[in-house]
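A quick write-up on the structure given underneath.
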Amino acid sequence: MAERPILIWGAGAIGGTLGAYWARAGLPVVLVDQVAEHVEACRTRGLHVSGPIEDFTQVVPALTPDEVTGTYDIVVLAVKAQATETALHQLSPHLAADGYVLSAQNGLNELAIAAAVGADRTMGCFVNFGADWHGPGEILFGNRAAVVVGEIDGTVRERTRAMHAKLALFEPGAVLTDNVWGYLWGKLAYGAMLFATALTNDSMTENFADPRRTTVFERLGREVMAVAKARGVVPIGFNGFDPAAFAPGASAEGARASIAALAEFNRHTAKTHSGIWRDLAVRKRRTEVDPQIGVIARLGAEAGVETPAIAKLVELIHAIEDGVRPMDMATFQDLIDTCTST
């Protein structure tokens with residue numbers, strides 16, 4: 001019996017890159033995306049992956065959401081975090097009873113997925129590679145970085161090992177873990193910092209290398225780690241980011257060293273700015289700030305942990321989205337002021 005295709009719901013930077021690599025490796029894949037022109041390009045002339053890692057074009061079967069029929073054993077969810085609920089409503093009828101959804105997203109979307117389709121039909125995934133959607137059929141693959149997979153209950157099953165083998169076709173250094181939440185919370189701290197880098201038009205490296213901004217990155221990291229500790233999570237580091245450096249009681253020297261490592265890591269990628277910056281400056285659309293960063297403030301409040309820097313960052317990102325504030329150093333300075341006064 002032929003293996004059923006992997007359904008990748010969201011064919012942008014993450015989903016499109018994975019889909020192109022898997023299809024090229026011979027895995028049956030079907031992409032789903034709401035941008036009809038992108039869908040048409042992928043299934044006709046092919047999805048072009050460019051950048052310093054590789055340059056190739058791969059034809060991949062692709063559909064718009066309304067064209068999807070049948071059921072699938074594996075659904076990779078790769079939409080923006082704010083689109084998770086809508087995507088789950090659309091894809092749930094197409095998930096096999098014994099299938100699962102893999103969250104290849106930023107944030108803690110596994111919580112929403114488990115609530116929608118069941119915890120046993122949810123698998124966690126952490127991705128940190130750099131990629132950008134540049135238009136129909138065009139994706140920039142800027143740098144290789146951590147890719148991790150694990151069950152949300154901490155077990156390691158046959159299906160987990162099988163997915164790890166699939167991810168290794170894309171990223172040979174892919175990790176199989178029994179603590180996927182640790183990676184996801186580590187990424188939340190880094191993600192909060194990336195949102196701060198989007199307050200100006202400076203590159204990620206310029207932000208992390210600027211001593212004036214160090215207090216912001218340190219404060220954001222410490223707030224996320226305090227919430228993680230309150231929830232009993234042990235965050236795990238990746239690609240030069242050391243969450244332990246921001247744990248309660250950790251030294252300022254260690255935090256500064258980790259921020260310097262982030263500057264160095266991002267200095268060697270063709271993806272100079274975050275996807276958040278791209279949403280604001282290029283695509284002129286709303287970001288993932290509420291489901292990715294705002295959720296930390298909510299979870300912190302539940303645990304009795306104050307997060308004033310995160311709250312201010314969410315406020316400033318929304319102000320940029322609404323056209324009230326510009327992307328400049330004056331806006332960043334407001335966040336510096338919050339971090340130095342509280």
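Naming scheme: A, B, ... for chains in displayed order of the structure tokens; residues 1 onward per chain; ligands 1 onward as shown.
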
Exercise: Ala78 (chain A) partners within 10 Å, only C-alpha atoms, chain neighbours under 2 positions left out, as number ranges by chain: A: 8-16, 18, 32-33, 75-76, 80-81, 83-84, 87, 102-106

Could you tell me, as an mmCIF file with N, CA, C and O atoms, in the first residue's frame, which residues of region 16-216 of chain A DSSP assigns to alpha helix (DSSP H) when given the backbone?
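See states-v2.cif below for the written result:
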```
data_model
loop_
_atom_site.group_PDB
_atom_site.id
_atom_site.type_symbol
_atom_site.label_atom_id
_atom_site.label_comp_id
_atom_site.auth_asym_id
_atom_site.auth_seq_id
_atom_site.Cartn_x
_atom_site.Cartn_y
_atom_site.Cartn_z
ATOM 1 N N GLY A 16 7.145 25.727 3.157
ATOM 2 C CA GLY A 16 7.598 25.618 1.777
ATOM 3 C C GLY A 16 8.985 25.031 1.670
ATOM 4 O O GLY A 16 9.260 24.189 0.796
ATOM 5 N N THR A 17 9.892 25.454 2.563
ATOM 6 C CA THR A 17 11.254 24.923 2.544
ATOM 7 C C THR A 17 11.254 23.435 2.859
ATOM 8 O O THR A 17 11.882 22.632 2.156
ATOM 9 N N LEU A 18 10.552 23.043 3.917
ATOM 10 C CA LEU A 18 10.445 21.622 4.252
ATOM 11 C C LEU A 18 9.860 20.821 3.095
ATOM 12 O O LEU A 18 10.373 19.761 2.730
ATOM 13 N N GLY A 19 8.769 21.334 2.527
ATOM 14 C CA GLY A 19 8.097 20.622 1.447
ATOM 15 C C GLY A 19 8.985 20.422 0.231
ATOM 16 O O GLY A 19 8.995 19.341 -0.373
ATOM 17 N N ALA A 20 9.728 21.454 -0.133
ATOM 18 C CA ALA A 20 10.612 21.344 -1.296
ATOM 19 C C ALA A 20 11.699 20.309 -1.064
ATOM 20 O O ALA A 20 11.999 19.488 -1.949
ATOM 21 N N TYR A 21 12.293 20.317 0.117
ATOM 22 C CA TYR A 21 13.352 19.346 0.428
ATOM 23 C C TYR A 21 12.801 17.931 0.494
ATOM 24 O O TYR A 21 13.416 16.983 -0.006
ATOM 25 N N TRP A 22 11.647 17.761 1.144
ATOM 26 C CA TRP A 22 11.066 16.422 1.236
ATOM 27 C C TRP A 22 10.670 15.891 -0.138
ATOM 28 O O TRP A 22 10.931 14.727 -0.453
ATOM 29 N N ALA A 23 10.064 16.730 -0.949
ATOM 30 C CA ALA A 23 9.657 16.291 -2.287
ATOM 31 C C ALA A 23 10.888 15.913 -3.112
ATOM 32 O O ALA A 23 10.882 14.916 -3.838
ATOM 33 N N ARG A 24 11.943 16.694 -3.008
ATOM 34 C CA ARG A 24 13.166 16.389 -3.749
ATOM 35 C C ARG A 24 13.782 15.066 -3.285
ATOM 36 O O ARG A 24 14.393 14.332 -4.080
ATOM 37 N N ALA A 36 -3.332 31.748 -3.788
ATOM 38 C CA ALA A 36 -3.560 30.944 -4.987
ATOM 39 C C ALA A 36 -2.397 31.019 -5.971
ATOM 40 O O ALA A 36 -2.046 30.013 -6.605
ATOM 41 N N GLU A 37 -1.783 32.200 -6.114
ATOM 42 C CA GLU A 37 -0.668 32.352 -7.047
ATOM 43 C C GLU A 37 0.536 31.518 -6.603
ATOM 44 O O GLU A 37 1.269 30.977 -7.434
ATOM 45 N N HIS A 38 0.742 31.414 -5.303
ATOM 46 C CA HIS A 38 1.841 30.607 -4.770
ATOM 47 C C HIS A 38 1.571 29.123 -5.022
ATOM 48 O O HIS A 38 2.472 28.375 -5.429
ATOM 49 N N VAL A 39 0.337 28.699 -4.771
ATOM 50 C CA VAL A 39 -0.062 27.318 -5.021
ATOM 51 C C VAL A 39 0.164 26.953 -6.482
ATOM 52 O O VAL A 39 0.742 25.901 -6.801
ATOM 53 N N GLU A 40 -0.262 27.816 -7.387
ATOM 54 C CA GLU A 40 -0.116 27.547 -8.816
ATOM 55 C C GLU A 40 1.353 27.456 -9.209
ATOM 56 O O GLU A 40 1.745 26.580 -9.999
ATOM 57 N N ALA A 41 2.177 28.338 -8.653
ATOM 58 C CA ALA A 41 3.612 28.310 -8.970
ATOM 59 C C ALA A 41 4.245 27.012 -8.486
ATOM 60 O O ALA A 41 5.029 26.376 -9.216
ATOM 61 N N CYS A 42 3.923 26.581 -7.268
ATOM 62 C CA CYS A 42 4.525 25.367 -6.699
ATOM 63 C C CYS A 42 4.203 24.128 -7.525
ATOM 64 O O CYS A 42 5.057 23.260 -7.727
ATOM 65 N N ARG A 43 2.971 24.039 -8.012
ATOM 66 C CA ARG A 43 2.565 22.812 -8.699
ATOM 67 C C ARG A 43 2.788 22.846 -10.207
ATOM 68 O O ARG A 43 2.575 21.834 -10.879
ATOM 69 N N THR A 84 -3.400 29.938 13.535
ATOM 70 C CA THR A 84 -3.483 28.545 13.976
ATOM 71 C C THR A 84 -4.923 28.075 14.139
ATOM 72 O O THR A 84 -5.298 26.997 13.658
ATOM 73 N N GLU A 85 -5.754 28.855 14.832
ATOM 74 C CA GLU A 85 -7.133 28.425 15.103
ATOM 75 C C GLU A 85 -7.913 28.210 13.810
ATOM 76 O O GLU A 85 -8.617 27.201 13.647
ATOM 77 N N THR A 86 -7.780 29.163 12.872
ATOM 78 C CA THR A 86 -8.477 29.029 11.585
ATOM 79 C C THR A 86 -7.991 27.812 10.826
ATOM 80 O O THR A 86 -8.784 27.041 10.268
ATOM 81 N N ALA A 87 -6.658 27.623 10.799
ATOM 82 C CA ALA A 87 -6.094 26.484 10.075
ATOM 83 C C ALA A 87 -6.551 25.163 10.687
ATOM 84 O O ALA A 87 -6.873 24.208 9.959
ATOM 85 N N LEU A 88 -6.609 25.092 12.007
ATOM 86 C CA LEU A 88 -7.047 23.862 12.664
ATOM 87 C C LEU A 88 -8.494 23.536 12.314
ATOM 88 O O LEU A 88 -8.846 22.358 12.105
ATOM 89 N N HIS A 89 -9.321 24.554 12.233
ATOM 90 C CA HIS A 89 -10.720 24.339 11.847
ATOM 91 C C HIS A 89 -10.803 23.770 10.429
ATOM 92 O O HIS A 89 -11.623 22.887 10.155
ATOM 93 N N GLN A 90 -9.927 24.255 9.551
ATOM 94 C CA GLN A 90 -9.942 23.791 8.162
ATOM 95 C C GLN A 90 -9.349 22.404 7.996
ATOM 96 O O GLN A 90 -9.841 21.602 7.202
ATOM 97 N N LEU A 91 -8.280 22.114 8.730
ATOM 98 C CA LEU A 91 -7.564 20.858 8.484
ATOM 99 C C LEU A 91 -8.098 19.672 9.284
ATOM 100 O O LEU A 91 -7.885 18.515 8.892
ATOM 101 N N ASN A 109 2.124 26.738 20.108
ATOM 102 C CA ASN A 109 0.912 26.355 19.384
ATOM 103 C C ASN A 109 0.473 24.919 19.654
ATOM 104 O O ASN A 109 -0.684 24.565 19.393
ATOM 105 N N GLU A 110 1.387 24.105 20.192
ATOM 106 C CA GLU A 110 1.013 22.739 20.552
ATOM 107 C C GLU A 110 -0.155 22.721 21.537
ATOM 108 O O GLU A 110 -0.964 21.788 21.529
ATOM 109 N N LEU A 111 -0.254 23.756 22.380
ATOM 110 C CA LEU A 111 -1.364 23.838 23.336
ATOM 111 C C LEU A 111 -2.700 23.965 22.610
ATOM 112 O O LEU A 111 -3.671 23.284 22.949
ATOM 113 N N ALA A 112 -2.737 24.829 21.590
ATOM 114 C CA ALA A 112 -3.972 25.027 20.823
ATOM 115 C C ALA A 112 -4.298 23.797 19.988
ATOM 116 O O ALA A 112 -5.467 23.415 19.848
ATOM 117 N N ILE A 113 -3.260 23.183 19.422
ATOM 118 C CA ILE A 113 -3.476 21.997 18.584
ATOM 119 C C ILE A 113 -4.041 20.860 19.421
ATOM 120 O O ILE A 113 -5.006 20.188 19.032
ATOM 121 N N ALA A 114 -3.442 20.638 20.595
ATOM 122 C CA ALA A 114 -3.912 19.564 21.472
ATOM 123 C C ALA A 114 -5.360 19.785 21.895
ATOM 124 O O ALA A 114 -6.146 18.839 21.981
ATOM 125 N N ALA A 115 -5.718 21.053 22.133
ATOM 126 C CA ALA A 115 -7.098 21.354 22.525
ATOM 127 C C ALA A 115 -8.064 21.075 21.389
ATOM 128 O O ALA A 115 -9.219 20.695 21.615
ATOM 129 N N ALA A 116 -7.604 21.241 20.149
ATOM 130 C CA ALA A 116 -8.480 21.086 18.986
ATOM 131 C C ALA A 116 -8.591 19.642 18.515
ATOM 132 O O ALA A 116 -9.690 19.187 18.165
ATOM 133 N N VAL A 117 -7.472 18.907 18.464
ATOM 134 C CA VAL A 117 -7.508 17.560 17.885
ATOM 135 C C VAL A 117 -7.148 16.464 18.879
ATOM 136 O O VAL A 117 -7.232 15.279 18.570
ATOM 137 N N GLU A 158 7.486 5.186 18.140
ATOM 138 C CA GLU A 158 7.895 4.803 16.788
ATOM 139 C C GLU A 158 7.611 5.939 15.814
ATOM 140 O O GLU A 158 8.421 6.248 14.936
ATOM 141 N N ARG A 159 6.462 6.603 15.976
ATOM 142 C CA ARG A 159 6.121 7.686 15.059
ATOM 143 C C ARG A 159 7.059 8.885 15.237
ATOM 144 O O ARG A 159 7.345 9.598 14.274
ATOM 145 N N THR A 160 7.535 9.089 16.480
ATOM 146 C CA THR A 160 8.472 10.194 16.727
ATOM 147 C C THR A 160 9.790 9.931 16.019
ATOM 148 O O THR A 160 10.382 10.837 15.422
ATOM 149 N N ARG A 161 10.262 8.689 16.116
ATOM 150 C CA ARG A 161 11.513 8.323 15.438
ATOM 151 C C ARG A 161 11.357 8.444 13.920
ATOM 152 O O ARG A 161 12.283 8.879 13.221
ATOM 153 N N ALA A 162 10.185 8.066 13.415
ATOM 154 C CA ALA A 162 9.947 8.148 11.975
ATOM 155 C C ALA A 162 9.946 9.601 11.502
ATOM 156 O O ALA A 162 10.512 9.922 10.448
ATOM 157 N N MET A 163 9.327 10.496 12.271
ATOM 158 C CA MET A 163 9.334 11.907 11.897
ATOM 159 C C MET A 163 10.743 12.489 12.003
ATOM 160 O O MET A 163 11.152 13.308 11.167
ATOM 161 N N HIS A 164 11.481 12.069 13.013
ATOM 162 C CA HIS A 164 12.868 12.530 13.141
ATOM 163 C C HIS A 164 13.671 12.149 11.902
ATOM 164 O O HIS A 164 14.455 12.954 11.383
ATOM 165 N N ALA A 165 13.463 10.942 11.401
ATOM 166 C CA ALA A 165 14.169 10.499 10.187
ATOM 167 C C ALA A 165 13.778 11.358 8.987
ATOM 168 O O ALA A 165 14.627 11.689 8.145
ATOM 169 N N LYS A 166 12.514 11.745 8.910
ATOM 170 C CA LYS A 166 12.067 12.611 7.815
ATOM 171 C C LYS A 166 12.704 13.993 7.920
ATOM 172 O O LYS A 166 13.168 14.563 6.927
ATOM 173 N N LEU A 167 12.722 14.547 9.131
ATOM 174 C CA LEU A 167 13.317 15.870 9.319
ATOM 175 C C LEU A 167 14.818 15.853 9.035
ATOM 176 O O LEU A 167 15.386 16.848 8.577
ATOM 177 N N ALA A 168 15.463 14.719 9.277
ATOM 178 C CA ALA A 168 16.900 14.604 9.008
ATOM 179 C C ALA A 168 17.203 14.649 7.516
ATOM 180 O O ALA A 168 18.337 14.954 7.120
ATOM 181 N N LEU A 169 16.210 14.380 6.679
ATOM 182 C CA LEU A 169 16.400 14.523 5.238
ATOM 183 C C LEU A 169 16.580 15.990 4.866
ATOM 184 O O LEU A 169 17.238 16.321 3.873
ATOM 185 N N PHE A 170 15.986 16.863 5.669
ATOM 186 C CA PHE A 170 16.132 18.307 5.461
ATOM 187 C C PHE A 170 17.319 18.856 6.238
ATOM 188 O O PHE A 170 18.156 19.582 5.707
ATOM 189 N N VAL A 180 10.675 18.540 24.406
ATOM 190 C CA VAL A 180 10.424 19.531 23.360
ATOM 191 C C VAL A 180 9.962 20.856 23.950
ATOM 192 O O VAL A 180 10.251 21.930 23.407
ATOM 193 N N TRP A 181 9.279 20.810 25.102
ATOM 194 C CA TRP A 181 8.852 22.054 25.747
ATOM 195 C C TRP A 181 10.060 22.896 26.157
ATOM 196 O O TRP A 181 10.004 24.138 26.125
ATOM 197 N N GLY A 182 11.150 22.249 26.528
ATOM 198 C CA GLY A 182 12.353 22.980 26.888
ATOM 199 C C GLY A 182 12.890 23.786 25.723
ATOM 200 O O GLY A 182 13.291 24.951 25.875
ATOM 201 N N TYR A 183 12.870 23.189 24.532
ATOM 202 C CA TYR A 183 13.305 23.916 23.333
ATOM 203 C C TYR A 183 12.332 25.041 22.988
ATOM 204 O O TYR A 183 12.744 26.145 22.620
ATOM 205 N N LEU A 184 11.037 24.751 23.098
ATOM 206 C CA LEU A 184 10.043 25.761 22.737
ATOM 207 C C LEU A 184 10.120 26.974 23.658
ATOM 208 O O LEU A 184 9.994 28.121 23.201
ATOM 209 N N TRP A 185 10.349 26.748 24.941
ATOM 210 C CA TRP A 185 10.471 27.877 25.864
ATOM 211 C C TRP A 185 11.792 28.605 25.656
ATOM 212 O O TRP A 185 11.867 29.830 25.825
ATOM 213 N N GLY A 186 12.842 27.882 25.296
ATOM 214 C CA GLY A 186 14.093 28.549 24.949
ATOM 215 C C GLY A 186 13.899 29.465 23.759
ATOM 216 O O GLY A 186 14.379 30.609 23.726
ATOM 217 N N LYS A 187 13.127 28.981 22.762
ATOM 218 C CA LYS A 187 12.856 29.798 21.580
ATOM 219 C C LYS A 187 11.964 30.988 21.923
ATOM 220 O O LYS A 187 12.074 32.053 21.303
ATOM 221 N N LEU A 188 11.092 30.842 22.917
ATOM 222 C CA LEU A 188 10.253 31.979 23.314
ATOM 223 C C LEU A 188 11.102 33.137 23.814
ATOM 224 O O LEU A 188 10.818 34.302 23.519
ATOM 225 N N ALA A 189 12.146 32.826 24.584
ATOM 226 C CA ALA A 189 13.028 33.883 25.078
ATOM 227 C C ALA A 189 13.755 34.549 23.915
ATOM 228 O O ALA A 189 13.829 35.784 23.827
ATOM 229 N N TYR A 190 14.296 33.747 23.015
ATOM 230 C CA TYR A 190 14.964 34.285 21.833
ATOM 231 C C TYR A 190 13.962 35.037 20.970
ATOM 232 O O TYR A 190 14.252 36.112 20.436
ATOM 233 N N GLY A 191 12.749 34.483 20.845
ATOM 234 C CA GLY A 191 11.715 35.119 20.042
ATOM 235 C C GLY A 191 11.342 36.490 20.573
ATOM 236 O O GLY A 191 11.117 37.431 19.804
ATOM 237 N N ALA A 192 11.265 36.628 21.899
ATOM 238 C CA ALA A 192 10.971 37.938 22.484
ATOM 239 C C ALA A 192 12.038 38.946 22.081
ATOM 240 O O ALA A 192 11.742 40.102 21.751
ATOM 241 N N MET A 193 13.283 38.500 22.081
ATOM 242 C CA MET A 193 14.376 39.379 21.663
ATOM 243 C C MET A 193 14.258 39.757 20.189
ATOM 244 O O MET A 193 14.513 40.907 19.807
ATOM 245 N N LEU A 194 13.854 38.794 19.363
ATOM 246 C CA LEU A 194 13.697 39.087 17.931
ATOM 247 C C LEU A 194 12.588 40.106 17.696
ATOM 248 O O LEU A 194 12.693 40.949 16.796
ATOM 249 N N PHE A 195 11.528 40.042 18.477
ATOM 250 C CA PHE A 195 10.479 41.056 18.357
ATOM 251 C C PHE A 195 11.054 42.432 18.670
ATOM 252 O O PHE A 195 10.708 43.419 18.014
ATOM 253 N N ALA A 196 11.935 42.509 19.663
ATOM 254 C CA ALA A 196 12.550 43.793 19.994
ATOM 255 C C ALA A 196 13.415 44.300 18.841
ATOM 256 O O ALA A 196 13.443 45.509 18.569
ATOM 257 N N THR A 197 14.109 43.385 18.137
ATOM 258 C CA THR A 197 14.943 43.829 17.008
ATOM 259 C C THR A 197 14.106 44.431 15.889
ATOM 260 O O THR A 197 14.617 45.189 15.069
ATOM 261 N N MET A 204 19.464 42.129 12.732
ATOM 262 C CA MET A 204 19.514 41.403 14.000
ATOM 263 C C MET A 204 20.886 41.553 14.647
ATOM 264 O O MET A 204 20.998 41.796 15.851
ATOM 265 N N THR A 205 21.938 41.417 13.838
ATOM 266 C CA THR A 205 23.292 41.541 14.372
ATOM 267 C C THR A 205 23.545 42.930 14.937
ATOM 268 O O THR A 205 24.117 43.088 16.024
ATOM 269 N N GLU A 206 23.124 43.969 14.225
ATOM 270 C CA GLU A 206 23.307 45.341 14.720
ATOM 271 C C GLU A 206 22.600 45.547 16.052
ATOM 272 O O GLU A 206 23.112 46.228 16.953
ATOM 273 N N ASN A 207 21.426 44.950 16.201
ATOM 274 C CA ASN A 207 20.696 45.051 17.458
ATOM 275 C C ASN A 207 21.442 44.359 18.590
ATOM 276 O O ASN A 207 21.678 44.955 19.649
ATOM 277 N N PHE A 208 21.816 43.096 18.380
ATOM 278 C CA PHE A 208 22.451 42.322 19.446
ATOM 279 C C PHE A 208 23.842 42.844 19.798
ATOM 280 O O PHE A 208 24.313 42.645 20.914
ATOM 281 N N ALA A 209 24.498 43.516 18.849
ATOM 282 C CA ALA A 209 25.853 44.010 19.086
ATOM 283 C C ALA A 209 25.880 45.411 19.707
ATOM 284 O O ALA A 209 26.950 45.905 20.082
ATOM 285 N N THR A 214 21.485 46.124 25.148
ATOM 286 C CA THR A 214 21.723 44.890 25.894
ATOM 287 C C THR A 214 20.756 44.732 27.058
ATOM 288 O O THR A 214 20.250 43.635 27.324
ATOM 289 N N THR A 215 20.462 45.823 27.759
ATOM 290 C CA THR A 215 19.564 45.734 28.906
ATOM 291 C C THR A 215 18.184 45.223 28.518
ATOM 292 O O THR A 215 17.530 44.506 29.278
ATOM 293 N N VAL A 216 17.735 45.563 27.308
ATOM 294 C CA VAL A 216 16.433 45.089 26.837
ATOM 295 C C VAL A 216 16.457 43.585 26.609
ATOM 296 O O VAL A 216 15.569 42.857 27.066
#
```

Near-Leu199 (chain A) list (10 Å; only C-alpha atoms; drop same-chain fewer than 6 positions) as a PyMOL selection string: chain A and resi 207+276-277+280+313+316-317+320+325-333+335

Excluding Ala309 (chain A) and any residue of its chain fewer than 5 positions from it, enumerate the residues within 8 Å of it, using only C-alpha atoms, and give them as a compact mmCIF listing (two decimals) with N, CA and C atoms, in the first residue's frame.
```
# COMPACT_ATOMS: atom_id res chain seq x y z
N VAL A 216 17.74 45.56 27.31
CA VAL A 216 16.43 45.09 26.84
C VAL A 216 16.46 43.58 26.61
N ARG A 219 16.67 41.73 29.90
CA ARG A 219 15.43 41.79 30.68
C ARG A 219 14.37 40.87 30.06
N LEU A 220 14.23 40.89 28.74
CA LEU A 220 13.24 40.02 28.09
C LEU A 220 13.55 38.55 28.36
N GLU A 223 12.63 37.66 31.96
CA GLU A 223 11.19 37.54 32.21
C GLU A 223 10.65 36.21 31.69
N LEU A 335 11.32 51.11 25.11
CA LEU A 335 11.49 49.80 25.73
C LEU A 335 12.70 49.81 26.67
N THR A 338 11.58 51.40 29.86
CA THR A 338 10.79 50.48 30.69
C THR A 338 11.70 49.51 31.44
N CYS A 339 12.71 49.01 30.74
CA CYS A 339 13.61 48.01 31.33
C CYS A 339 14.51 48.60 32.40
```

CA of Pro52 (chain A) to CA of Leu140 (chain A), straight-line distance in Å: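 So the two atoms, CA of Leu140 (chain A) and CA of Pro52 (chain A), lie 8.8 Å apart.
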
Spatial neighbours of Gly240 (chain A), 10 Å, only C-alpha atoms, chain gap at least 5 places, as a VMD selection string: chain A and resid 257 to 266

Expected file: the selected residues, all heavy atoms, as a PDB file, in the first residue's frame:
```pdb
ATOM      1  N   ALA A 257      27.228  37.602  27.541  1.00  0.00           N
ATOM      2  CA  ALA A 257      27.973  36.681  26.676  1.00  0.00           C
ATOM      3  C   ALA A 257      27.031  35.957  25.717  1.00  0.00           C
ATOM      4  O   ALA A 257      27.360  35.746  24.539  1.00  0.00           O
ATOM      5  CB  ALA A 257      28.743  35.672  27.521  1.00  0.00           C
ATOM      6  N   SER A 258      25.840  35.582  26.195  1.00  0.00           N
ATOM      7  CA  SER A 258      24.875  34.899  25.334  1.00  0.00           C
ATOM      8  C   SER A 258      24.352  35.844  24.258  1.00  0.00           C
ATOM      9  O   SER A 258      24.166  35.445  23.103  1.00  0.00           O
ATOM     10  CB  SER A 258      23.702  34.365  26.168  1.00  0.00           C
ATOM     11  OG  SER A 258      22.813  33.610  25.367  1.00  0.00           O
ATOM     12  N   ILE A 259      24.129  37.106  24.617  1.00  0.00           N
ATOM     13  CA  ILE A 259      23.665  38.098  23.634  1.00  0.00           C
ATOM     14  C   ILE A 259      24.741  38.328  22.576  1.00  0.00           C
ATOM     15  O   ILE A 259      24.453  38.438  21.380  1.00  0.00           O
ATOM     16  CB  ILE A 259      23.281  39.406  24.341  1.00  0.00           C
ATOM     17  CG1 ILE A 259      22.050  39.171  25.228  1.00  0.00           C
ATOM     18  CG2 ILE A 259      22.991  40.514  23.322  1.00  0.00           C
ATOM     19  CD1 ILE A 259      21.786  40.277  26.228  1.00  0.00           C
ATOM     20  N   ALA A 260      26.001  38.367  22.998  1.00  0.00           N
ATOM     21  CA  ALA A 260      27.108  38.513  22.045  1.00  0.00           C
ATOM     22  C   ALA A 260      27.170  37.313  21.097  1.00  0.00           C
ATOM     23  O   ALA A 260      27.469  37.463  19.907  1.00  0.00           O
ATOM     24  CB  ALA A 260      28.429  38.669  22.796  1.00  0.00           C
ATOM     25  N   ALA A 261      26.878  36.115  21.619  1.00  0.00           N
ATOM     26  CA  ALA A 261      26.872  34.918  20.781  1.00  0.00           C
ATOM     27  C   ALA A 261      25.760  34.997  19.739  1.00  0.00           C
ATOM     28  O   ALA A 261      25.925  34.520  18.602  1.00  0.00           O
ATOM     29  CB  ALA A 261      26.699  33.675  21.655  1.00  0.00           C
ATOM     30  N   LEU A 262      24.625  35.602  20.099  1.00  0.00           N
ATOM     31  CA  LEU A 262      23.543  35.777  19.137  1.00  0.00           C
ATOM     32  C   LEU A 262      23.952  36.736  18.028  1.00  0.00           C
ATOM     33  O   LEU A 262      23.622  36.523  16.856  1.00  0.00           O
ATOM     34  CB  LEU A 262      22.291  36.296  19.843  1.00  0.00           C
ATOM     35  CG  LEU A 262      21.583  35.318  20.781  1.00  0.00           C
ATOM     36  CD1 LEU A 262      20.411  35.998  21.465  1.00  0.00           C
ATOM     37  CD2 LEU A 262      21.123  34.078  20.029  1.00  0.00           C
ATOM     38  N   ALA A 263      24.667  37.777  18.386  1.00  0.00           N
ATOM     39  CA  ALA A 263      25.163  38.715  17.369  1.00  0.00           C
ATOM     40  C   ALA A 263      26.073  37.990  16.393  1.00  0.00           C
ATOM     41  O   ALA A 263      25.989  38.184  15.176  1.00  0.00           O
ATOM     42  CB  ALA A 263      25.893  39.871  18.036  1.00  0.00           C
ATOM     43  N   GLU A 264      26.933  37.134  16.918  1.00  0.00           N
ATOM     44  CA  GLU A 264      27.880  36.405  16.057  1.00  0.00           C
ATOM     45  C   GLU A 264      27.157  35.387  15.179  1.00  0.00           C
ATOM     46  O   GLU A 264      27.447  35.258  13.984  1.00  0.00           O
ATOM     47  CB  GLU A 264      28.918  35.695  16.929  1.00  0.00           C
ATOM     48  CG  GLU A 264      30.002  34.962  16.146  1.00  0.00           C
ATOM     49  CD  GLU A 264      30.835  35.883  15.281  1.00  0.00           C
ATOM     50  OE1 GLU A 264      30.901  37.107  15.555  1.00  0.00           O
ATOM     51  OE2 GLU A 264      31.434  35.386  14.306  1.00  0.00           O
ATOM     52  N   PHE A 265      26.186  34.669  15.742  1.00  0.00           N
ATOM     53  CA  PHE A 265      25.437  33.674  14.967  1.00  0.00           C
ATOM     54  C   PHE A 265      24.713  34.337  13.803  1.00  0.00           C
ATOM     55  O   PHE A 265      24.752  33.859  12.664  1.00  0.00           O
ATOM     56  CB  PHE A 265      24.428  32.951  15.864  1.00  0.00           C
ATOM     57  CG  PHE A 265      23.516  32.009  15.116  1.00  0.00           C
ATOM     58  CD1 PHE A 265      23.958  30.771  14.694  1.00  0.00           C
ATOM     59  CD2 PHE A 265      22.204  32.368  14.813  1.00  0.00           C
ATOM     60  CE1 PHE A 265      23.129  29.905  13.994  1.00  0.00           C
ATOM     61  CE2 PHE A 265      21.368  31.528  14.115  1.00  0.00           C
ATOM     62  CZ  PHE A 265      21.836  30.285  13.711  1.00  0.00           C
ATOM     63  N   ASN A 266      24.049  35.456  14.066  1.00  0.00           N
ATOM     64  CA  ASN A 266      23.267  36.118  13.020  1.00  0.00           C
ATOM     65  C   ASN A 266      24.138  36.873  12.016  1.00  0.00           C
ATOM     66  O   ASN A 266      23.658  37.263  10.954  1.00  0.00           O
ATOM     67  CB  ASN A 266      22.247  37.061  13.656  1.00  0.00           C
ATOM     68  CG  ASN A 266      21.064  36.311  14.250  1.00  0.00           C
ATOM     69  OD1 ASN A 266      20.247  35.754  13.529  1.00  0.00           O
ATOM     70  ND2 ASN A 266      20.993  36.265  15.574  1.00  0.00           N
TER      71      ASN A 266
END
```

Atom-to-atom span, CA of Val79 (chain A) and CA of Arg267 (chain A), Å: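 Separating CA of Val79 (chain A) from CA of Arg267 (chain A) is a distance of 26.8 Å.
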
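Minimum distance to His48 (chain A) across A:Thr342, A:Glu138, A:Val127, A:Gly70 (counting only C-alpha atoms) occurs at A:Glu138.
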
Interatomic distance, CA of Ala145 (chain A) to CA of Asn128 (chain A) (Å, one decimal): 5.4 Å

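Distance check against Asp98 (chain A) using only C-alpha atoms: of A:Val324, A:Leu77, A:Arg121, A:Thr200, the minimum falls on A:Arg121.
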
Residues within 9 Å of Asp66 (chain A), only C-alpha atoms, excluding chain neighbours under 3 positions, as an MDAnalysis selection string: chainID A and resid 34 63 69 90
